[in-house]
$ cat protein_2.cif   # mmCIF, C-alpha atoms and all ligand atoms
data_input
loop_
_atom_site.label_atom_id
_atom_site.label_comp_id
_atom_site.auth_asym_id
_atom_site.auth_seq_id
_atom_site.Cartn_x
_atom_site.Cartn_y
_atom_site.Cartn_z
CA MET A 1488 92.07 87.04 85.60
CA THR A 1489 94.20 84.80 83.36
CA SER A 1490 96.87 82.53 84.77
CA SER A 1491 99.62 84.90 83.57
CA ASN A 1492 98.40 87.78 85.71
CA VAL A 1493 98.05 85.89 88.95
CA LEU A 1494 99.26 88.16 91.68
CA LEU A 1495 102.80 88.23 92.94
CA LYS A 1496 103.37 86.10 96.02
CA PRO A 1497 104.03 87.72 99.44
CA PRO A 1498 107.58 86.26 99.73
CA LEU A 1499 108.53 88.73 97.00
CA LEU A 1500 107.63 91.54 99.42
CA GLU A 1501 110.32 90.17 101.74
CA VAL A 1502 112.77 90.24 98.86
CA ALA A 1503 111.97 93.93 98.32
CA ALA A 1504 112.39 94.74 102.02
CA GLN A 1505 115.81 93.08 102.03
CA LEU A 1506 116.97 94.91 98.89
CA PHE A 1507 115.83 98.31 100.23
CA LYS A 1508 117.64 97.62 103.52
CA GLN A 1509 120.84 96.36 101.93
CA ILE A 1510 121.15 99.28 99.52
CA ARG A 1511 120.25 101.85 102.17
CA GLU A 1512 122.98 100.54 104.45
CA ALA A 1513 125.55 100.40 101.66
CA THR A 1514 124.91 104.01 100.61
CA ASP A 1515 124.24 105.48 104.06
CA ASP A 1516 125.96 108.84 104.60
CA GLY A 1517 125.09 109.25 108.26
CA VAL A 1518 122.06 111.46 107.51
CA GLY A 1519 120.32 109.89 104.52
CA VAL A 1520 121.65 108.07 101.47
CA THR A 1521 124.09 109.51 98.93
CA ARG A 1522 124.30 107.93 95.50
CA GLU A 1523 126.24 110.31 93.27
CA SER A 1524 125.30 110.42 89.57
CA TYR A 1525 128.04 108.58 87.64
CA GLY A 1526 129.79 108.18 90.96
CA ARG A 1527 130.42 105.94 93.93
CA GLY A 1528 127.03 105.43 95.63
CA GLU A 1529 125.21 104.94 92.34
CA THR A 1530 127.72 102.27 91.26
CA ILE A 1531 127.44 100.48 94.62
CA ALA A 1532 123.64 100.30 94.24
CA LEU A 1533 123.88 99.08 90.62
CA ASN A 1534 126.38 96.35 91.54
CA LEU A 1535 124.35 95.13 94.52
CA LEU A 1536 121.25 94.79 92.36
CA ALA A 1537 123.23 93.06 89.60
CA ASP A 1538 124.67 90.57 92.11
CA PHE A 1539 121.24 89.85 93.53
CA ALA A 1540 119.57 89.43 90.12
CA THR A 1541 122.37 87.13 88.92
CA GLN A 1542 122.01 84.95 92.04
CA GLN A 1543 118.32 84.67 91.24
CA GLY A 1544 119.06 83.34 87.78
CA LEU A 1545 118.29 86.56 85.90
CA LEU A 1546 120.61 87.88 83.19
CA CYS A 1547 122.49 91.15 83.84
CA ARG A 1548 124.55 93.36 81.57
CA PHE A 1549 125.64 96.97 81.42
CA ASP A 1550 124.64 98.92 78.32
CA GLN A 1551 126.81 101.49 76.48
CA GLY A 1552 125.66 104.15 78.96
CA ALA A 1553 126.78 101.97 81.92
CA ASN A 1554 123.16 101.49 82.98
CA LEU A 1555 122.18 98.05 84.24
CA ILE A 1556 119.84 95.91 82.14
CA ILE A 1557 118.23 92.87 83.74
CA THR A 1558 116.33 90.31 81.68
CA LEU A 1559 114.94 86.81 81.88
CA PRO A 1560 117.58 84.16 81.14
CA GLU A 1561 115.81 83.49 77.87
CA GLN A 1562 114.27 86.72 76.72
CA PRO A 1563 111.04 86.10 74.77
CA VAL A 1564 111.28 87.39 71.22
CA GLY A 1565 109.60 90.58 70.02
CA GLN A 1566 109.44 94.13 71.25
CA HIS A 1567 110.02 94.46 74.95
CA ILE A 1568 108.57 96.56 77.71
CA ILE A 1569 111.12 98.45 79.80
CA ILE A 1570 110.46 98.86 83.51
CA GLY A 1571 112.90 101.53 84.57
CA SER A 1572 113.92 104.15 87.06
CA HIS A 1573 117.11 105.71 88.41
CA LEU A 1574 119.57 104.64 91.07
CA ASP A 1575 121.25 107.96 91.85
CA SER A 1576 120.02 110.20 94.66
CA VAL A 1577 120.44 113.79 95.78
CA PRO A 1578 123.05 114.32 98.54
CA GLN A 1579 121.60 113.09 101.84
CA GLY A 1580 118.51 111.93 99.98
CA GLY A 1581 115.86 109.30 100.61
CA ASN A 1582 116.18 105.58 99.88
CA PHE A 1583 113.06 105.09 97.77
CA ASP A 1584 113.39 107.85 95.17
CA GLY A 1585 114.28 105.92 92.01
CA LEU A 1586 115.27 102.65 93.72
CA ALA A 1587 111.61 101.68 94.27
CA GLY A 1588 111.01 101.55 90.50
CA VAL A 1589 113.99 99.31 89.83
CA VAL A 1590 113.15 96.93 92.70
CA ALA A 1591 109.56 96.78 91.39
CA GLY A 1592 110.87 95.70 87.99
CA ILE A 1593 113.04 92.99 89.52
CA LEU A 1594 110.07 91.57 91.48
CA ILE A 1595 108.01 91.43 88.28
CA LEU A 1596 110.83 89.67 86.43
CA LEU A 1597 111.18 87.09 89.24
CA HIS A 1598 107.45 86.49 89.07
CA ILE A 1599 107.44 86.14 85.27
CA LYS A 1600 110.44 83.79 85.40
CA ALA A 1601 108.34 81.30 87.38
CA LEU A 1602 105.58 81.29 84.74
CA PRO A 1603 105.47 78.79 81.86
CA PRO A 1604 107.46 80.21 78.86
CA SER A 1605 104.30 80.60 76.79
CA GLN A 1606 102.98 83.12 79.31
CA GLN A 1607 106.19 85.11 79.71
CA LYS A 1608 105.97 88.72 78.56
CA PRO A 1609 109.13 90.32 77.17
CA VAL A 1610 110.08 92.65 80.01
CA GLN A 1611 113.45 94.28 80.70
CA VAL A 1612 114.45 96.13 83.82
CA LEU A 1613 116.53 99.25 83.30
CA ALA A 1614 118.41 100.73 86.26
CA LEU A 1615 119.41 104.16 85.03
CA ARG A 1616 122.25 106.36 86.10
CA GLY A 1617 122.26 110.14 86.29
CA GLU A 1618 118.65 111.27 86.76
CA GLU A 1619 119.16 113.82 89.52
CA SER A 1620 120.20 117.36 88.56
CA ALA A 1621 121.81 117.82 91.98
CA TRP A 1622 125.27 116.63 90.89
CA PHE A 1623 125.94 118.08 87.44
CA GLY A 1624 123.13 120.68 87.26
CA LYS A 1625 121.35 118.61 84.60
CA ALA A 1626 118.52 116.13 85.02
CA TYR A 1627 117.89 112.91 83.05
CA MET A 1628 121.50 112.51 81.88
CA GLY A 1629 121.24 108.70 81.72
CA SER A 1630 118.03 108.54 79.72
CA LEU A 1631 119.02 111.46 77.46
CA ALA A 1632 122.33 109.73 76.68
CA LEU A 1633 120.48 106.49 75.90
CA LEU A 1634 118.20 108.27 73.46
CA GLY A 1635 120.97 110.28 71.78
CA LYS A 1636 119.90 113.59 73.29
CA LEU A 1637 122.71 114.51 75.67
CA THR A 1638 124.72 117.36 74.10
CA ALA A 1639 128.45 118.08 74.00
CA GLU A 1640 127.71 121.14 76.14
CA ASP A 1641 126.08 118.87 78.75
CA LEU A 1642 129.16 116.65 78.77
CA ASN A 1643 131.26 119.62 79.89
CA LEU A 1644 129.16 120.21 83.02
CA LYS A 1645 131.16 119.80 86.21
CA ALA A 1646 130.29 117.78 89.33
CA ARG A 1647 129.34 119.93 92.29
CA ASP A 1648 131.55 118.01 94.72
CA THR A 1649 134.66 117.07 92.74
CA GLY A 1650 134.55 119.53 89.83
CA GLN A 1651 135.05 116.57 87.49
CA PRO A 1652 133.44 117.12 84.07
CA LEU A 1653 130.59 114.73 83.22
CA ARG A 1654 132.58 113.60 80.17
CA GLU A 1655 135.40 112.34 82.43
CA ALA A 1656 133.06 110.70 84.93
CA MET A 1657 131.42 108.84 82.02
CA THR A 1658 134.72 107.87 80.41
CA ALA A 1659 135.87 106.36 83.73
CA LEU A 1660 132.83 104.05 83.49
CA ASN A 1661 133.65 103.04 79.87
CA ILE A 1662 130.63 104.86 78.50
CA SER A 1663 130.58 105.41 74.72
CA ILE A 1664 131.24 109.16 74.76
CA ASP A 1665 131.80 109.33 70.98
CA LYS A 1666 128.33 107.98 70.24
CA ILE A 1667 126.74 110.30 72.80
CA GLU A 1668 128.50 113.33 71.30
CA GLN A 1669 127.27 112.37 67.86
CA GLY A 1670 123.73 112.11 69.15
CA GLU A 1671 123.47 108.39 68.41
CA PRO A 1672 120.94 106.49 70.53
CA LEU A 1673 122.57 103.77 72.63
CA ILE A 1674 119.53 101.49 72.43
CA GLU A 1675 117.48 100.16 69.55
CA LEU A 1676 114.35 102.30 69.87
CA ALA A 1677 112.34 100.16 67.47
CA ASN A 1678 112.63 97.26 69.93
CA VAL A 1679 110.99 99.16 72.77
CA ALA A 1680 107.23 98.64 73.07
CA ALA A 1681 106.79 100.81 76.17
CA TYR A 1682 108.58 102.44 79.09
CA LEU A 1683 106.96 102.01 82.51
CA GLU A 1684 108.12 103.59 85.74
CA LEU A 1685 106.94 103.10 89.30
CA HIS A 1686 108.00 105.99 91.55
CA ILE A 1687 107.16 107.42 94.95
CA GLU A 1688 104.99 110.51 94.84
CA GLN A 1689 107.14 113.48 95.82
CA GLY A 1690 104.27 115.78 96.78
CA PRO A 1691 101.59 115.55 99.49
CA ILE A 1692 98.43 114.80 97.45
CA MET A 1693 98.14 111.02 97.80
CA VAL A 1694 98.70 111.03 101.56
CA ALA A 1695 96.05 113.76 101.93
CA ARG A 1696 93.57 111.94 99.69
CA LYS A 1697 94.38 108.48 101.10
CA TRP A 1698 95.30 107.02 97.72
CA PRO A 1699 97.90 104.22 98.12
CA ILE A 1700 98.76 104.20 94.42
CA ALA A 1701 97.76 106.23 91.38
CA SER A 1702 98.16 106.27 87.61
CA VAL A 1703 100.06 109.33 86.34
CA SER A 1704 98.60 111.33 83.47
CA GLY A 1705 101.73 113.24 82.57
CA ILE A 1706 104.77 115.11 83.74
CA ARG A 1707 104.52 118.85 83.91
CA GLY A 1708 106.71 121.04 81.74
CA ASN A 1709 107.60 124.57 82.71
CA ILE A 1710 108.38 128.11 81.62
CA ARG A 1711 110.89 129.89 83.82
CA HIS A 1712 112.76 133.10 84.29
CA ASN A 1713 115.64 132.91 86.75
CA ARG A 1714 115.54 136.67 87.15
CA ILE A 1715 112.99 139.35 86.39
CA THR A 1716 113.97 142.85 87.54
CA CYS A 1717 111.30 145.37 88.44
CA LYS A 1718 112.81 148.86 88.26
CA GLY A 1719 111.07 151.69 90.11
CA GLU A 1720 112.52 154.67 91.92
CA THR A 1721 114.00 154.95 95.42
CA GLY A 1722 112.86 157.82 97.61
CA HIS A 1723 112.38 159.02 101.17
CA SER A 1724 109.64 156.94 102.79
CA GLY A 1725 108.27 159.93 104.66
CA ALA A 1726 108.54 162.64 102.05
CA VAL A 1727 107.14 161.19 98.81
CA PRO A 1728 103.31 161.04 98.49
CA ARG A 1729 101.61 157.92 97.18
CA TRP A 1730 100.81 159.34 93.74
CA MET A 1731 104.44 160.20 93.05
CA ARG A 1732 105.92 156.87 94.09
CA LYS A 1733 107.40 154.17 91.83
CA ASP A 1734 107.50 151.47 94.47
CA ALA A 1735 108.96 148.24 93.05
CA VAL A 1736 107.80 146.05 95.96
CA LEU A 1737 104.18 147.16 95.68
CA ALA A 1738 104.32 146.72 91.89
CA CYS A 1739 105.57 143.13 92.28
CA ALA A 1740 103.10 142.40 95.08
CA GLU A 1741 100.27 143.55 92.80
CA LEU A 1742 101.63 141.42 89.96
CA LEU A 1743 101.81 138.29 92.12
CA SER A 1744 98.38 138.74 93.66
CA HIS A 1745 96.87 139.17 90.17
CA LEU A 1746 98.68 136.04 88.96
CA ASP A 1747 97.46 134.13 92.01
CA GLU A 1748 93.89 135.12 91.11
CA HIS A 1749 94.36 134.06 87.45
CA TRP A 1750 95.73 130.75 88.72
CA ARG A 1751 92.68 130.22 90.93
CA VAL A 1752 90.28 130.91 88.06
CA LEU A 1753 92.13 128.80 85.49
CA GLN A 1754 92.31 125.91 87.92
CA GLN A 1755 88.57 126.21 88.54
CA MET A 1756 88.15 125.90 84.78
CA GLY A 1757 89.93 122.54 85.02
CA MET A 1758 93.38 123.55 83.79
CA ASP A 1759 96.49 121.91 85.17
CA LEU A 1760 98.71 124.66 86.56
CA VAL A 1761 101.12 125.56 89.36
CA MET A 1762 102.98 128.85 89.73
CA THR A 1763 105.86 129.74 92.02
CA CYS A 1764 107.93 132.83 92.75
CA GLY A 1765 110.70 131.20 94.79
CA ILE A 1766 113.12 134.14 94.84
CA PHE A 1767 111.96 137.66 95.68
CA SER A 1768 114.33 140.30 97.02
CA THR A 1769 115.15 143.97 97.30
CA ASN A 1770 118.80 144.93 96.97
CA SER A 1771 120.38 144.14 100.36
CA ALA A 1772 123.21 146.60 99.76
CA SER A 1773 120.91 149.59 99.48
CA HIS A 1774 117.50 148.67 100.93
CA ALA A 1775 116.44 150.23 104.23
CA LEU A 1776 113.42 150.63 106.44
CA SER A 1777 112.98 154.25 105.41
CA VAL A 1778 113.68 153.93 101.69
CA ILE A 1779 110.97 153.39 99.06
CA PRO A 1780 112.23 150.27 97.24
CA GLY A 1781 113.47 151.14 93.77
CA GLU A 1782 114.27 147.63 92.59
CA VAL A 1783 113.07 144.07 93.13
CA GLN A 1784 114.50 140.92 91.59
CA PHE A 1785 112.36 137.82 91.45
CA SER A 1786 112.09 134.44 89.76
CA PHE A 1787 109.08 133.12 87.88
CA GLU A 1788 108.06 129.54 87.26
CA VAL A 1789 104.84 128.13 85.83
CA ARG A 1790 104.33 124.38 85.37
CA SER A 1791 101.62 122.53 83.49
CA GLN A 1792 101.03 119.31 81.63
CA ASP A 1793 99.64 121.35 78.77
CA THR A 1794 101.83 123.43 76.43
CA ALA A 1795 98.98 125.82 75.58
CA THR A 1796 98.22 126.46 79.27
CA LEU A 1797 101.88 127.23 79.94
CA GLU A 1798 102.02 129.76 77.12
CA GLN A 1799 98.65 131.25 78.03
CA PHE A 1800 99.68 131.85 81.62
CA TYR A 1801 103.02 133.23 80.51
CA GLN A 1802 101.28 135.75 78.23
CA LEU A 1803 98.96 136.70 81.11
CA MET A 1804 102.04 137.41 83.22
CA LYS A 1805 103.57 139.57 80.49
CA SER A 1806 100.37 141.57 79.99
CA GLU A 1807 99.99 142.10 83.75
CA CYS A 1808 103.56 143.44 83.78
CA GLN A 1809 102.66 145.90 81.02
CA ASP A 1810 99.54 147.13 82.84
CA ILE A 1811 101.38 147.53 86.14
CA SER A 1812 104.29 149.30 84.41
CA ARG A 1813 101.81 151.89 83.12
CA SER A 1814 99.87 152.33 86.36
CA ARG A 1815 102.85 152.40 88.72
CA GLY A 1816 105.61 153.88 86.56
CA VAL A 1817 107.90 150.89 86.88
CA GLU A 1818 109.66 148.76 84.30
CA PHE A 1819 110.02 144.95 84.16
CA VAL A 1820 113.22 143.57 82.60
CA PHE A 1821 113.35 139.84 81.76
CA ASP A 1822 116.32 137.48 81.47
CA ARG A 1823 116.26 134.46 79.12
CA LYS A 1824 112.97 132.59 78.94
CA LEU A 1825 113.58 128.90 79.71
CA TYR A 1826 111.22 126.22 78.46
CA THR A 1827 110.91 122.51 79.29
CA ALA A 1828 108.26 120.62 77.34
CA PRO A 1829 105.56 118.70 79.23
CA ALA A 1830 105.36 114.96 78.64
CA LEU A 1831 102.08 113.10 78.41
CA MET A 1832 101.87 109.46 79.37
CA SER A 1833 100.23 107.28 76.74
CA GLU A 1834 96.46 107.18 77.16
CA ASP A 1835 96.53 103.44 76.71
CA TRP A 1836 98.91 102.95 79.65
CA VAL A 1837 97.13 105.51 81.84
CA ASN A 1838 93.95 103.48 81.34
CA LYS A 1839 95.59 100.09 81.81
CA ILE A 1840 97.10 101.21 85.12
CA SER A 1841 93.80 102.77 86.25
CA MET A 1842 91.96 99.57 85.40
CA ALA A 1843 94.55 97.55 87.31
CA CYS A 1844 93.88 99.76 90.37
CA GLU A 1845 90.17 99.08 89.94
CA GLN A 1846 90.82 95.36 89.69
CA LEU A 1847 92.71 95.56 92.99
CA ASP A 1848 89.75 97.42 94.49
CA ILE A 1849 91.78 100.53 95.20
CA LYS A 1850 90.07 103.91 95.46
CA THR A 1851 92.24 106.35 93.55
CA GLU A 1852 92.34 108.98 90.80
CA ILE A 1853 94.71 109.89 88.00
CA VAL A 1854 97.33 112.43 89.07
CA ALA A 1855 99.78 114.74 87.28
CA SER A 1856 103.44 114.61 88.23
CA GLY A 1857 104.87 117.94 89.32
CA ALA A 1858 108.35 116.50 89.59
CA GLY A 1859 110.38 115.35 86.58
CA HIS A 1860 111.09 111.69 85.81
CA ASP A 1861 112.96 109.69 83.16
CA ALA A 1862 109.55 108.68 81.77
CA ALA A 1863 109.31 112.23 80.35
CA VAL A 1864 112.39 111.63 78.18
CA PHE A 1865 111.06 108.33 76.84
CA ALA A 1866 107.56 109.76 76.25
CA ASN A 1867 108.97 112.77 74.37
CA ALA A 1868 111.03 110.37 72.22
CA GLY A 1869 107.75 108.81 71.07
CA ILE A 1870 107.90 105.67 73.23
CA PRO A 1871 104.47 104.92 74.81
CA SER A 1872 105.06 105.50 78.51
CA GLY A 1873 103.20 104.99 81.75
CA MET A 1874 103.87 105.80 85.38
CA ILE A 1875 102.48 104.61 88.64
CA PHE A 1876 102.93 106.64 91.81
CA ILE A 1877 103.19 105.19 95.32
CA ARG A 1878 101.99 107.17 98.33
CA ASN A 1879 104.91 108.56 100.32
CA GLU A 1880 104.98 110.74 103.41
CA HIS A 1881 107.30 113.64 104.21
CA GLY A 1882 108.07 114.54 100.57
CA SER A 1883 111.21 113.47 98.81
CA HIS A 1884 114.83 114.50 98.23
CA ASN A 1885 115.27 114.16 101.98
CA PRO A 1886 116.04 111.24 104.32
CA HIS A 1887 112.49 111.21 105.73
CA GLU A 1888 110.74 109.69 102.71
CA ALA A 1889 108.29 107.15 104.11
CA MET A 1890 106.80 104.66 101.69
CA ASP A 1891 104.76 101.86 103.22
CA LEU A 1892 105.91 98.55 101.73
CA LYS A 1893 102.27 97.44 101.51
CA ASP A 1894 101.54 100.39 99.21
CA PHE A 1895 104.66 99.55 97.21
CA PHE A 1896 103.51 95.96 96.78
CA LEU A 1897 100.07 97.14 95.58
CA GLY A 1898 101.88 99.30 93.02
CA VAL A 1899 103.95 96.36 91.80
CA GLN A 1900 100.78 94.25 91.52
CA ALA A 1901 99.04 96.99 89.54
CA LEU A 1902 102.02 97.36 87.21
CA HIS A 1903 102.08 93.61 86.70
CA ILE A 1904 98.35 93.47 85.94
CA ALA A 1905 98.69 96.39 83.51
CA ILE A 1906 101.55 94.67 81.65
CA HIS A 1907 99.52 91.48 81.31
CA SER A 1908 96.21 93.16 80.39
ZN ZN B 1 113.30 110.11 91.24
#

$ encode --input "protein_2.cif" --output "C-alpha cells"
Amino acid sequence: MTSSNVLLKPPLLEVAAQLFKQIREATDDGVGVTRESYGRGETIALNLLADFATQQGLLCRFDQGANLIITLPEQPVGQHIIIGSHLDSVPQGGNFDGLAGVVAGILILLHIKALPPSQQKPVQVLALRGEESAWFGKAYMGSLALLGKLTAEDLNLKARDTGQPLREAMTALNISIDKIEQGEPLIELANVAAYLELHIEQGPIMVARKWPIASVSGIRGNIRHNRITCKGETGHSGAVPRWMRKDAVLACAELLSHLDEHWRVLQQMGMDLVMTCGIFSTNSASHALSVIPGEVQFSFEVRSQDTATLEQFYQLMKSECQDISRSRGVEFVFDRKLYTAPALMSEDWVNKISMACEQLDIKTEIVASGAGHDAAVFANAGIPSGMIFIRNEHGSHNPHEAMDLKDFFLGVQALHIAIHS
C-alpha cells in the first residue's frame, strides 16, 4: 500500500452520517424523502452539500446543466476522474439512492485534500440532477443533457405533479437549453478519464449472499413491449369442447411457461437474463367466469447485459408465439418494440474495484445491475466507467432502504483504493 492509498480515517464516517441525517431531515415528506427532479427537494440537497463542501475548503460550482461540481481548491492538472451519482429521488423514496454516491465522492475528496499535493489524484465530484424517471417519465435526464443526448422531444415532457414541461423547469434553473437542444455536450469529454459511481444495490442478492460491497460488471439493457394482444375466440365455457377452443389465457400461459423454461436453460448456460410479464389481463368489461377468454393483453420485458442475449431471447419469444398461434388458433399482435442498450463497465475498472475488495479482505463477487444508473450513459458515451454496489436491505425506491454505514465506508475505501491503484 503506498502512502497515497492509506485508508480513510473513521472521523469521515461521522461526516457521512451527519450529511445523510441532515439531507434526510431537509427533504422529509412525512413518509420517506422527496427530491423532485429539477425541483425543490433536489435543489435543497444540492445546496446543503455545496454549503458543506465550501465550509470544508473544497471548491463548488454549478455546471451548465445546474449539476453541482465539487473539486479540490487547486485541481491537479490532467484528465480527471468523476465520482458521480444523482440527488433526486422518487416520491416518498429512500435517502440513500443516489445520495450515497455523492457523499462517497465528498469523503474521498476530503481525504485527498489532506494528502501532499504530489499524491493528489485529479478527482471531481458530480452531483447530478434528474436521474429518476418518476417525475418526467424519462430517466438519466441530467447525464444525457451533460453529454448532449437529451432531445427536444424529451424537453417537452411534463412533470407528473405540476404539469410543468421539463424545458421550463430547466430554464428556471438557468440551464443552457439552447445547447441541450442542439445536442452539444455541456462538459469537455476529452478531459474525463473515467466515471465512477457508488450506489446502493436495489435488489436482494447481496443481502442474501452476505456481500457488503461488490464490483458491478454492467447495467442491463432491455427489450420491451408495453402491450401484446393475444386474440382467440370467446365461447360458452360449458358448451365448447377442448379441440374447438381458441382460449387466449391458455395460449398465453403456455407461452410464458415455455419462456420460463428457456430462461432457466439459458441461465444454466451462463447467460445474463431476466424476464418479466408485469401486466397480464383479460378484458374486464367482457370477461366472466363462464366465458372462454377471447383476448388477453400482456406486457413483455427481457433484460440482459448482453445485446445478443436480448435479441436471442426476443426471437425465441416470437417463434414461440408463432408455434402457439398454429397449435391453438390464436393470433399475437405486437405494439412498438422498445430497446434500451446495455452498458458494460470498463474491464479495467471492474478489476480494479474487485482487487480493492480483495485488498480489504472482503468476500464478494462481481454482480450485474438490473436497475439503471447514470454510469450507463457515461459508459455508452465511451467514457471508461465503473460502479461499486453497497449492500442494502428492503429494496429501493421506498423509505425502508437500509444501508449499514459500515458497508458504505467499506465501499468508499474500495473506491479510494481503486482510484489510487
Ligand atoms: Zn439511483

$ residues_around --input "protein_2.cif" --residues "Ser1777 in chain A" --least-positions-apart "3" --cutoff "8 Å" --atoms "all atoms listed in the file" --output "PyMOL selection string"
chain A and resi 1723-1725

$ residues_near_ligand --input "protein_2.cif" --ligand "ligand ZN 1 (chain B)" --cutoff "10 Å" --atoms "all atoms listed in the file" --output "PyMOL selection string"
chain A and resi 1572-1577+1581+1583-1588+1618-1619+1627+1684-1689+1858-1861+1883-1884

$ closest_residue --input "protein_2.cif" --among "A:Ala1868, A:Leu1559, A:Leu1506, A:Ala1553" --to "Gly1617 in chain A" --atoms "all atoms listed in the file"
A:Ala1553

$ closest_residue --input "protein_2.cif" --among "A:Pro1652, A:Pro1691, A:Gly1552, A:Gly1722" --to "Leu1673 in chain A" --atoms "all atoms listed in the file"
A:Gly1552

$ residues_near_point --input "protein_2.cif" --point "(102.5, 117.9, 81.9)" --cutoff "12 Å" --atoms "only C-alpha atoms" --output "compact mmCIF listing (two decimals) with C-alpha atoms, in the coordinates of the input"
# COMPACT_ATOMS: atom_id res chain seq x y z
CA VAL A 1703 100.06 109.33 86.34
CA SER A 1704 98.60 111.33 83.47
CA GLY A 1705 101.73 113.24 82.57
CA ILE A 1706 104.77 115.11 83.74
CA ARG A 1707 104.52 118.85 83.91
CA GLY A 1708 106.71 121.04 81.74
CA ASN A 1709 107.60 124.57 82.71
CA ILE A 1710 108.38 128.11 81.62
CA MET A 1758 93.38 123.55 83.79
CA ASP A 1759 96.49 121.91 85.17
CA LEU A 1760 98.71 124.66 86.56
CA VAL A 1761 101.12 125.56 89.36
CA VAL A 1789 104.84 128.13 85.83
CA ARG A 1790 104.33 124.38 85.37
CA SER A 1791 101.62 122.53 83.49
CA GLN A 1792 101.03 119.31 81.63
CA ASP A 1793 99.64 121.35 78.77
CA THR A 1794 101.83 123.43 76.43
CA ALA A 1795 98.98 125.82 75.58
CA THR A 1796 98.22 126.46 79.27
CA LEU A 1797 101.88 127.23 79.94
CA THR A 1827 110.91 122.51 79.29
CA ALA A 1828 108.26 120.62 77.34
CA PRO A 1829 105.56 118.70 79.23
CA ALA A 1830 105.36 114.96 78.64
CA LEU A 1831 102.08 113.10 78.41
CA MET A 1832 101.87 109.46 79.37
CA VAL A 1854 97.33 112.43 89.07
CA ALA A 1855 99.78 114.74 87.28
CA SER A 1856 103.44 114.61 88.23
CA GLY A 1857 104.87 117.94 89.32
CA ALA A 1858 108.35 116.50 89.59
CA GLY A 1859 110.38 115.35 86.58
CA HIS A 1860 111.09 111.69 85.81
CA ALA A 1862 109.55 108.68 81.77
CA ALA A 1863 109.31 112.23 80.35
CA ALA A 1866 107.56 109.76 76.25
CA ASN A 1867 108.97 112.77 74.37

$ residues_around --input "protein_2.cif" --residues "range 1632-1638 of chain A" --least-positions-apart "2" --cutoff "6 Å" --atoms "only C-alpha atoms" --output "MDAnalysis selection string"
chainID A and resid 1628:1630 1640:1641 1667 1670:1673

$ closest_residue --input "protein_2.cif" --among "A:Lys1805, A:His1774, A:Arg1711, A:His1567" --to "Lys1608 in chain A" --atoms "all atoms listed in the file"
A:His1567

$ residues_around --input "protein_2.cif" --residues "range 1745-1756 of chain A" --least-positions-apart "4" --cutoff "8 Å" --atoms "only C-alpha atoms" --output "list in words"
Glu1741, Leu1760, Val1761, Met1762, Leu1803, Met1804 and Glu1807 of chain A

$ residues_near_point --input "protein_2.cif" --point "(109.2, 146.9, 94.4)" --cutoff "9 Å" --atoms "all atoms listed in the file" --output "compact mmCIF listing (two decimals) with C-alpha atoms, in the frame of the given file"
# COMPACT_ATOMS: atom_id res chain seq x y z
CA CYS A 1717 111.30 145.37 88.44
CA LYS A 1718 112.81 148.86 88.26
CA GLY A 1719 111.07 151.69 90.11
CA GLU A 1720 112.52 154.67 91.92
CA LYS A 1733 107.40 154.17 91.83
CA ASP A 1734 107.50 151.47 94.47
CA ALA A 1735 108.96 148.24 93.05
CA VAL A 1736 107.80 146.05 95.96
CA LEU A 1737 104.18 147.16 95.68
CA ALA A 1738 104.32 146.72 91.89
CA CYS A 1739 105.57 143.13 92.28
CA ALA A 1740 103.10 142.40 95.08
CA SER A 1768 114.33 140.30 97.02
CA THR A 1769 115.15 143.97 97.30
CA ILE A 1779 110.97 153.39 99.06
CA PRO A 1780 112.23 150.27 97.24
CA GLY A 1781 113.47 151.14 93.77
CA GLU A 1782 114.27 147.63 92.59
CA VAL A 1783 113.07 144.07 93.13
CA GLN A 1784 114.50 140.92 91.59
CA VAL A 1817 107.90 150.89 86.88

$ atom_distance --input "protein_2.cif" --atom1 "CA of Glu1529 in chain A" --atom2 "CA of Leu1892 in chain A"
22.4 Å

$ residues_around --input "protein_2.cif" --residues "Ile1531 in chain A" --least-positions-apart "2" --cutoff "9 Å" --atoms "only C-alpha atoms" --output "list in words"
Ile1510, Ala1513, Thr1514, Arg1522, Gly1526, Arg1527, Gly1528, Glu1529, Leu1533, Asn1534, Leu1535 and Leu1536 of chain A

$ closest_residue --input "protein_2.cif" --among "A:Ile1556, A:Arg1729, A:Ser1773, A:Arg1714" --to "Leu1825 in chain A" --atoms "all atoms listed in the file"
A:Arg1714

$ closest_residue --input "protein_2.cif" --among "A:Leu1597, A:Leu1683, A:Pro1578, A:Trp1730" --to "Leu1499 in chain A" --atoms "all atoms listed in the file"
A:Leu1597

$ residues_around --input "protein_2.cif" --residues "Phe1785 in chain A" --least-positions-apart "2" --cutoff "6 Å" --atoms "only C-alpha atoms" --output "list of chain:residue names"
A:Arg1714, A:Ile1715, A:Ile1766, A:Phe1767

$ atom_distance --input "protein_2.cif" --atom1 "CA of Met1842 in chain A" --atom2 "CA of Ile1569 in chain A"
20.0 Å

$ atom_distance --input "protein_2.cif" --atom1 "CA of Tyr1801 in chain A" --atom2 "CA of Arg1823 in chain A"
13.4 Å

$ closest_residue --input "protein_2.cif" --among "A:Ile1692, A:Gln1551, A:Gly1565, A:Cys1844" --to "Asp1665 in chain A" --atoms "all atoms listed in the file"
A:Gln1551

$ build_atoms --input "protein_2.cif" --residues "range 1904-1908 of chain A" --atoms "N, CA and C atoms" --output "mmCIF file, keeping the file's coordinate frame"
data_model
loop_
_atom_site.group_PDB
_atom_site.id
_atom_site.type_symbol
_atom_site.label_atom_id
_atom_site.label_comp_id
_atom_site.auth_asym_id
_atom_site.auth_seq_id
_atom_site.Cartn_x
_atom_site.Cartn_y
_atom_site.Cartn_z
ATOM 1 N N ILE A 1904 99.659 93.689 86.587
ATOM 2 C CA ILE A 1904 98.350 93.470 85.940
ATOM 3 C C ILE A 1904 98.279 94.279 84.640
ATOM 4 N N ALA A 1905 98.752 95.528 84.705
ATOM 5 C CA ALA A 1905 98.690 96.390 83.510
ATOM 6 C C ALA A 1905 99.509 95.790 82.359
ATOM 7 N N ILE A 1906 100.678 95.269 82.687
ATOM 8 C CA ILE A 1906 101.550 94.670 81.650
ATOM 9 C C ILE A 1906 100.866 93.461 81.009
ATOM 10 N N HIS A 1907 100.140 92.717 81.815
ATOM 11 C CA HIS A 1907 99.520 91.480 81.310
ATOM 12 C C HIS A 1907 98.071 91.699 80.839
ATOM 13 N N SER A 1908 97.613 92.943 80.800
ATOM 14 C CA SER A 1908 96.210 93.160 80.390
ATOM 15 C C SER A 1908 96.111 93.274 78.873
#
